file protein_39.pdb (PDB, N, CA and C atoms)
ATOM      1  N   MET A   1      13.893  -1.366  12.533
ATOM      2  CA  MET A   1      13.028  -2.089  13.427
ATOM      3  C   MET A   1      13.644  -3.439  13.795
ATOM      4  N   GLU A   2      14.412  -3.983  12.892
ATOM      5  CA  GLU A   2      14.923  -5.331  13.116
ATOM      6  C   GLU A   2      15.838  -5.407  14.335
ATOM      7  N   ASN A   3      16.645  -4.403  14.551
ATOM      8  CA  ASN A   3      17.609  -4.425  15.655
ATOM      9  C   ASN A   3      17.208  -3.514  16.806
ATOM     10  N   SER A   4      15.918  -3.322  16.991
ATOM     11  CA  SER A   4      15.455  -2.479  18.089
ATOM     12  C   SER A   4      14.176  -3.065  18.671
ATOM     13  N   GLU A   5      13.689  -2.442  19.713
ATOM     14  CA  GLU A   5      12.437  -2.871  20.323
ATOM     15  C   GLU A   5      11.280  -1.982  19.882
ATOM     16  N   ALA A   6      11.477  -1.222  18.806
ATOM     17  CA  ALA A   6      10.457  -0.303  18.313
ATOM     18  C   ALA A   6       9.452  -1.027  17.427
ATOM     19  N   LEU A   7       8.321  -0.396  17.239
ATOM     20  CA  LEU A   7       7.291  -0.882  16.329
ATOM     21  C   LEU A   7       7.172   0.094  15.179
ATOM     22  N   GLY A   8       6.665  -0.372  14.062
ATOM     23  CA  GLY A   8       6.438   0.505  12.926
ATOM     24  C   GLY A   8       5.285  -0.011  12.100
ATOM     25  N   ILE A   9       4.684   0.881  11.339
ATOM     26  CA  ILE A   9       3.612   0.511  10.425
ATOM     27  C   ILE A   9       4.179   0.654   9.023
ATOM     28  N   VAL A  10       4.271  -0.463   8.326
ATOM     29  CA  VAL A  10       4.796  -0.474   6.965
ATOM     30  C   VAL A  10       3.921  -1.381   6.113
ATOM     31  N   SER A  11       4.047  -1.245   4.819
ATOM     32  CA  SER A  11       3.345  -2.121   3.904
ATOM     33  C   SER A  11       3.951  -3.520   3.976
ATOM     34  N   ILE A  12       3.088  -4.523   3.995
ATOM     35  CA  ILE A  12       3.576  -5.900   3.989
ATOM     36  C   ILE A  12       4.437  -6.149   2.757
ATOM     37  N   ARG A  13       4.076  -5.534   1.656
ATOM     38  CA  ARG A  13       4.846  -5.708   0.422
ATOM     39  C   ARG A  13       6.255  -5.144   0.549
ATOM     40  N   ALA A  14       6.439  -4.163   1.397
ATOM     41  CA  ALA A  14       7.766  -3.560   1.573
ATOM     42  C   ALA A  14       8.703  -4.469   2.362
ATOM     43  N   VAL A  15       8.162  -5.396   3.117
ATOM     44  CA  VAL A  15       8.998  -6.257   3.969
ATOM     45  C   VAL A  15       8.727  -7.748   3.719
ATOM     46  N   THR A  16       8.345  -8.091   2.512
ATOM     47  CA  THR A  16       8.007  -9.476   2.185
ATOM     48  C   THR A  16       9.149 -10.440   2.505
ATOM     49  N   ARG A  17      10.359 -10.084   2.099
ATOM     50  CA  ARG A  17      11.502 -10.984   2.349
ATOM     51  C   ARG A  17      11.719 -11.200   3.838
ATOM     52  N   GLU A  18      11.634 -10.130   4.604
ATOM     53  CA  GLU A  18      11.843 -10.233   6.043
ATOM     54  C   GLU A  18      10.764 -11.070   6.713
ATOM     55  N   LEU A  19       9.533 -10.947   6.236
ATOM     56  CA  LEU A  19       8.441 -11.756   6.780
ATOM     57  C   LEU A  19       8.634 -13.232   6.439
ATOM     58  N   MET A  20       9.018 -13.498   5.193
ATOM     59  CA  MET A  20       9.205 -14.894   4.769
ATOM     60  C   MET A  20      10.373 -15.559   5.493
ATOM     61  N   SER A  21      11.402 -14.781   5.813
ATOM     62  CA  SER A  21      12.565 -15.351   6.497
ATOM     63  C   SER A  21      12.359 -15.447   8.006
ATOM     64  N   GLY A  22      11.309 -14.796   8.515
ATOM     65  CA  GLY A  22      11.051 -14.814   9.953
ATOM     66  C   GLY A  22      11.769 -13.721  10.723
ATOM     67  N   ARG A  23      12.463 -12.836  10.003
ATOM     68  CA  ARG A  23      13.165 -11.732  10.676
ATOM     69  C   ARG A  23      12.191 -10.706  11.246
ATOM     70  N   LEU A  24      11.024 -10.568  10.599
ATOM     71  CA  LEU A  24       9.956  -9.701  11.105
ATOM     72  C   LEU A  24       8.665 -10.509  11.148
ATOM     73  N   LYS A  25       7.680 -10.021  11.913
ATOM     74  CA  LYS A  25       6.382 -10.689  11.935
ATOM     75  C   LYS A  25       5.283  -9.642  11.978
ATOM     76  N   VAL A  26       4.126 -10.023  11.491
ATOM     77  CA  VAL A  26       2.943  -9.168  11.489
ATOM     78  C   VAL A  26       2.240  -9.326  12.819
ATOM     79  N   ILE A  27       1.860  -8.220  13.414
ATOM     80  CA  ILE A  27       1.080  -8.232  14.648
ATOM     81  C   ILE A  27      -0.254  -7.561  14.351
ATOM     82  N   GLU A  28      -1.330  -8.325  14.419
ATOM     83  CA  GLU A  28      -2.669  -7.781  14.191
ATOM     84  C   GLU A  28      -3.145  -7.077  15.458
ATOM     85  N   VAL A  29      -3.737  -5.905  15.297
ATOM     86  CA  VAL A  29      -4.255  -5.139  16.434
ATOM     87  C   VAL A  29      -5.764  -5.022  16.264
ATOM     88  N   ASP A  30      -6.517  -5.676  17.149
ATOM     89  CA  ASP A  30      -7.974  -5.645  17.077
ATOM     90  C   ASP A  30      -8.488  -4.214  17.157
ATOM     91  N   GLY A  31      -9.405  -3.880  16.267
ATOM     92  CA  GLY A  31     -10.039  -2.571  16.276
ATOM     93  C   GLY A  31      -9.225  -1.463  15.619
ATOM     94  N   PHE A  32      -8.024  -1.768  15.138
ATOM     95  CA  PHE A  32      -7.204  -0.748  14.486
ATOM     96  C   PHE A  32      -7.514  -0.716  13.002
ATOM     97  N   HIS A  33      -7.777   0.457  12.483
ATOM     98  CA  HIS A  33      -8.066   0.631  11.063
ATOM     99  C   HIS A  33      -7.270   1.837  10.570
ATOM    100  N   ALA A  34      -6.520   1.648   9.507
ATOM    101  CA  ALA A  34      -5.743   2.745   8.929
ATOM    102  C   ALA A  34      -6.207   2.973   7.497
ATOM    103  N   GLU A  35      -6.418   4.217   7.146
ATOM    104  CA  GLU A  35      -6.819   4.556   5.786
ATOM    105  C   GLU A  35      -5.628   5.135   5.042
ATOM    106  N   ARG A  36      -5.607   4.918   3.755
ATOM    107  CA  ARG A  36      -4.550   5.458   2.909
ATOM    108  C   ARG A  36      -5.142   6.447   1.927
ATOM    109  N   MET A  37      -4.348   7.443   1.579
ATOM    110  CA  MET A  37      -4.748   8.385   0.554
ATOM    111  C   MET A  37      -3.809   8.185  -0.636
ATOM    112  N   PHE A  38      -4.384   8.040  -1.814
ATOM    113  CA  PHE A  38      -3.605   7.847  -3.027
ATOM    114  C   PHE A  38      -3.635   9.117  -3.857
ATOM    115  N   THR A  39      -2.530   9.408  -4.510
ATOM    116  CA  THR A  39      -2.435  10.535  -5.427
ATOM    117  C   THR A  39      -1.838  10.018  -6.724
ATOM    118  N   PHE A  40      -2.383  10.454  -7.823
ATOM    119  CA  PHE A  40      -1.877  10.053  -9.126
ATOM    120  C   PHE A  40      -1.177  11.230  -9.785
ATOM    121  N   ALA A  41      -0.028  10.994 -10.361
ATOM    122  CA  ALA A  41       0.704  12.005 -11.125
ATOM    123  C   ALA A  41       0.807  11.507 -12.555
ATOM    124  N   GLU A  42       0.431  12.374 -13.489
ATOM    125  CA  GLU A  42       0.449  11.992 -14.895
ATOM    126  C   GLU A  42       1.171  13.058 -15.702
ATOM    127  N   PRO A  43       1.804  12.684 -16.793
ATOM    128  CA  PRO A  43       2.388  13.700 -17.667
ATOM    129  C   PRO A  43       1.279  14.509 -18.328
ATOM    130  N   GLN A  44       1.571  15.740 -18.673
ATOM    131  CA  GLN A  44       0.571  16.570 -19.336
ATOM    132  C   GLN A  44       0.299  16.033 -20.722
ATOM    133  N   GLY A  45      -0.902  16.293 -21.198
ATOM    134  CA  GLY A  45      -1.278  15.837 -22.527
ATOM    135  C   GLY A  45      -2.362  14.793 -22.455
ATOM    136  N   GLN A  46      -2.605  14.153 -23.552
ATOM    137  CA  GLN A  46      -3.663  13.163 -23.632
ATOM    138  C   GLN A  46      -3.223  11.867 -22.961
ATOM    139  N   ASN A  47      -4.059  11.357 -22.078
ATOM    140  CA  ASN A  47      -3.799  10.092 -21.407
ATOM    141  C   ASN A  47      -4.928   9.135 -21.744
ATOM    142  N   GLY A  48      -4.671   7.895 -21.623
ATOM    143  CA  GLY A  48      -5.710   6.912 -21.907
ATOM    144  C   GLY A  48      -5.164   5.521 -21.724
ATOM    145  N   GLY A  49      -5.896   4.561 -22.219
ATOM    146  CA  GLY A  49      -5.437   3.191 -22.161
ATOM    147  C   GLY A  49      -5.437   2.625 -20.760
ATOM    148  N   VAL A  50      -4.424   1.806 -20.482
ATOM    149  CA  VAL A  50      -4.327   1.085 -19.221
ATOM    150  C   VAL A  50      -4.252   2.036 -18.032
ATOM    151  N   GLU A  51      -3.471   3.110 -18.162
ATOM    152  CA  GLU A  51      -3.320   4.047 -17.045
ATOM    153  C   GLU A  51      -4.662   4.663 -16.647
ATOM    154  N   GLU A  52      -5.394   5.136 -17.632
ATOM    155  CA  GLU A  52      -6.685   5.770 -17.359
ATOM    156  C   GLU A  52      -7.672   4.764 -16.776
ATOM    157  N   SER A  53      -7.643   3.544 -17.270
ATOM    158  CA  SER A  53      -8.526   2.497 -16.741
ATOM    159  C   SER A  53      -8.216   2.199 -15.283
ATOM    160  N   PHE A  54      -6.916   2.133 -14.943
ATOM    161  CA  PHE A  54      -6.541   1.867 -13.560
ATOM    162  C   PHE A  54      -6.965   3.011 -12.644
ATOM    163  N   ILE A  55      -6.755   4.238 -13.056
ATOM    164  CA  ILE A  55      -7.143   5.386 -12.225
ATOM    165  C   ILE A  55      -8.651   5.378 -12.003
ATOM    166  N   ARG A  56      -9.416   5.117 -13.041
ATOM    167  CA  ARG A  56     -10.878   5.068 -12.911
ATOM    168  C   ARG A  56     -11.281   3.941 -11.944
ATOM    169  N   TYR A  57     -10.679   2.749 -12.106
ATOM    170  CA  TYR A  57     -10.966   1.619 -11.218
ATOM    171  C   TYR A  57     -10.629   1.966  -9.770
ATOM    172  N   ALA A  58      -9.457   2.542  -9.547
ATOM    173  CA  ALA A  58      -9.031   2.882  -8.183
ATOM    174  C   ALA A  58      -9.974   3.897  -7.545
ATOM    175  N   CYS A  59     -10.364   4.895  -8.308
ATOM    176  CA  CYS A  59     -11.261   5.929  -7.771
ATOM    177  C   CYS A  59     -12.641   5.371  -7.435
ATOM    178  N   GLN A  60     -13.097   4.397  -8.178
ATOM    179  CA  GLN A  60     -14.414   3.810  -7.928
ATOM    180  C   GLN A  60     -14.403   2.820  -6.767
ATOM    181  N   ASN A  61     -13.265   2.185  -6.503
ATOM    182  CA  ASN A  61     -13.236   1.100  -5.522
ATOM    183  C   ASN A  61     -12.560   1.430  -4.206
ATOM    184  N   TRP A  62     -11.832   2.534  -4.111
ATOM    185  CA  TRP A  62     -11.115   2.831  -2.870
ATOM    186  C   TRP A  62     -11.488   4.185  -2.311
ATOM    187  N   ARG A  63     -12.770   4.435  -2.169
ATOM    188  CA  ARG A  63     -13.215   5.700  -1.559
ATOM    189  C   ARG A  63     -13.775   5.444  -0.209
TER     190      ARG A  63
END
call {"tool": "encode", "arguments": {"input": "protein_39.pdb", "output": "C-alpha cells"}}
result
Amino acid sequence: MENSEALGIVSIRAVTRELMSGRLKVIEVDGFHAERMFTFAEPQGQNGGVEESFIRYACQNWR
C-alpha cells in the first residue's frame, strides 16, 4: 500500500510503526462498520487458568 494508490483494511496494530512515522495514515469512513470473527485453537486435554479465563471473557464481550 505504501508505494501504490491502493487502499486496504488492516489492523492498526499491524502498522503501528508506519502510522507513527507518517508513512501511512488512518482514514475514517462514516457509517462503515466491520465485524471480526475470532476462533480459538487449543491443545487437546485439560485446559484452564489464564487461557480459559480469556476465552470466557472474549465470548461474553465480543458477540
call {"tool": "atom_distance", "arguments": {"input": "protein_39.pdb", "atom1": "CA of Phe54 in chain A", "atom2": "CA of Phe32 in chain A"}}
result
28.2 Å
call {"tool": "atom_distance", "arguments": {"input": "protein_39.pdb", "atom1": "atom C of Met37 in chain A", "atom2": "CA of Met20 in chain A"}}
result
27.0 Å
call {"tool": "atom_distance", "arguments": {"input": "protein_39.pdb", "atom1": "CA of Asn3 in chain A", "atom2": "CA of Ser21 in chain A"}}
result
15.1 Å
call {"tool": "select_by_dssp", "arguments": {"input": "protein_39.pdb", "residues": "chain A", "states": "helix (DSSP H, G or I)", "output": "list in words"}}
result
Ile12, Arg13, Ala14, Val15, Thr16, Arg17, Glu18, Leu19, Met20, Ser21, Gly49, Val50, Glu51, Glu52, Ser53, Phe54, Ile55, Arg56, Tyr57, Ala58, Cys59, Gln60 and Asn61 of chain A
call {"tool": "decode", "arguments": {"input": "protein_39.pdb", "residues": "range 5-61 of chain A", "atoms": "C-alpha atoms", "output": "compact mmCIF listing (two decimals), in the first residue's frame"}}
result
# COMPACT_ATOMS: atom_id res chain seq x y z
CA GLU A 5 -2.56 4.35 -4.80
CA ALA A 6 -4.50 1.37 -3.41
CA LEU A 7 -6.43 1.20 -0.16
CA GLY A 8 -6.51 -1.65 2.31
CA ILE A 9 -8.16 -2.63 5.56
CA VAL A 10 -5.64 -3.76 8.14
CA SER A 11 -5.34 -3.80 11.90
CA ILE A 12 -3.90 -0.59 13.32
CA ARG A 13 -1.66 -2.78 15.45
CA ALA A 14 -0.19 -4.34 12.31
CA VAL A 15 1.00 -0.96 11.01
CA THR A 16 1.80 0.94 14.21
CA ARG A 17 5.33 1.87 13.13
CA GLU A 18 4.14 3.14 9.76
CA LEU A 19 1.41 5.22 11.38
CA MET A 20 3.80 6.72 13.93
CA SER A 21 6.34 7.60 11.23
CA GLY A 22 3.67 9.14 8.99
CA ARG A 23 4.26 6.67 6.16
CA LEU A 24 0.61 5.57 6.43
CA LYS A 25 -2.49 7.27 7.83
CA VAL A 26 -5.88 6.17 9.11
CA ILE A 27 -8.89 7.26 7.09
CA GLU A 28 -12.19 7.09 8.97
CA VAL A 29 -15.22 6.23 6.83
CA ASP A 30 -18.54 7.45 8.24
CA GLY A 31 -21.12 4.68 8.51
CA PHE A 32 -18.63 1.87 7.85
CA HIS A 33 -18.71 -0.99 10.34
CA ALA A 34 -16.66 -4.17 10.06
CA GLU A 35 -17.16 -7.21 12.25
CA ARG A 36 -14.50 -9.75 13.09
CA MET A 37 -14.86 -13.43 13.79
CA PHE A 38 -12.48 -14.99 16.30
CA THR A 39 -11.54 -18.66 16.51
CA PHE A 40 -9.66 -20.26 19.35
CA ALA A 41 -7.36 -23.27 18.92
CA GLU A 42 -6.32 -25.20 21.99
CA PRO A 43 -4.26 -28.33 22.56
CA GLN A 44 -6.26 -31.40 23.48
CA GLY A 45 -6.58 -32.23 27.14
CA GLN A 46 -7.42 -30.27 30.22
CA ASN A 47 -7.26 -26.50 29.83
CA GLY A 48 -7.71 -23.85 32.44
CA GLY A 49 -6.14 -20.88 34.08
CA VAL A 50 -5.45 -17.70 32.16
CA GLU A 51 -6.27 -19.18 28.75
CA GLU A 52 -9.71 -20.39 29.80
CA SER A 53 -10.45 -17.08 31.54
CA PHE A 54 -9.55 -15.12 28.41
CA ILE A 55 -11.70 -17.32 26.15
CA ARG A 56 -14.66 -16.96 28.53
CA TYR A 57 -14.15 -13.15 28.70
CA ALA A 58 -13.88 -12.86 24.91
CA CYS A 59 -17.00 -14.94 24.32
CA GLN A 60 -19.02 -12.86 26.78
CA ASN A 61 -17.88 -9.45 25.49
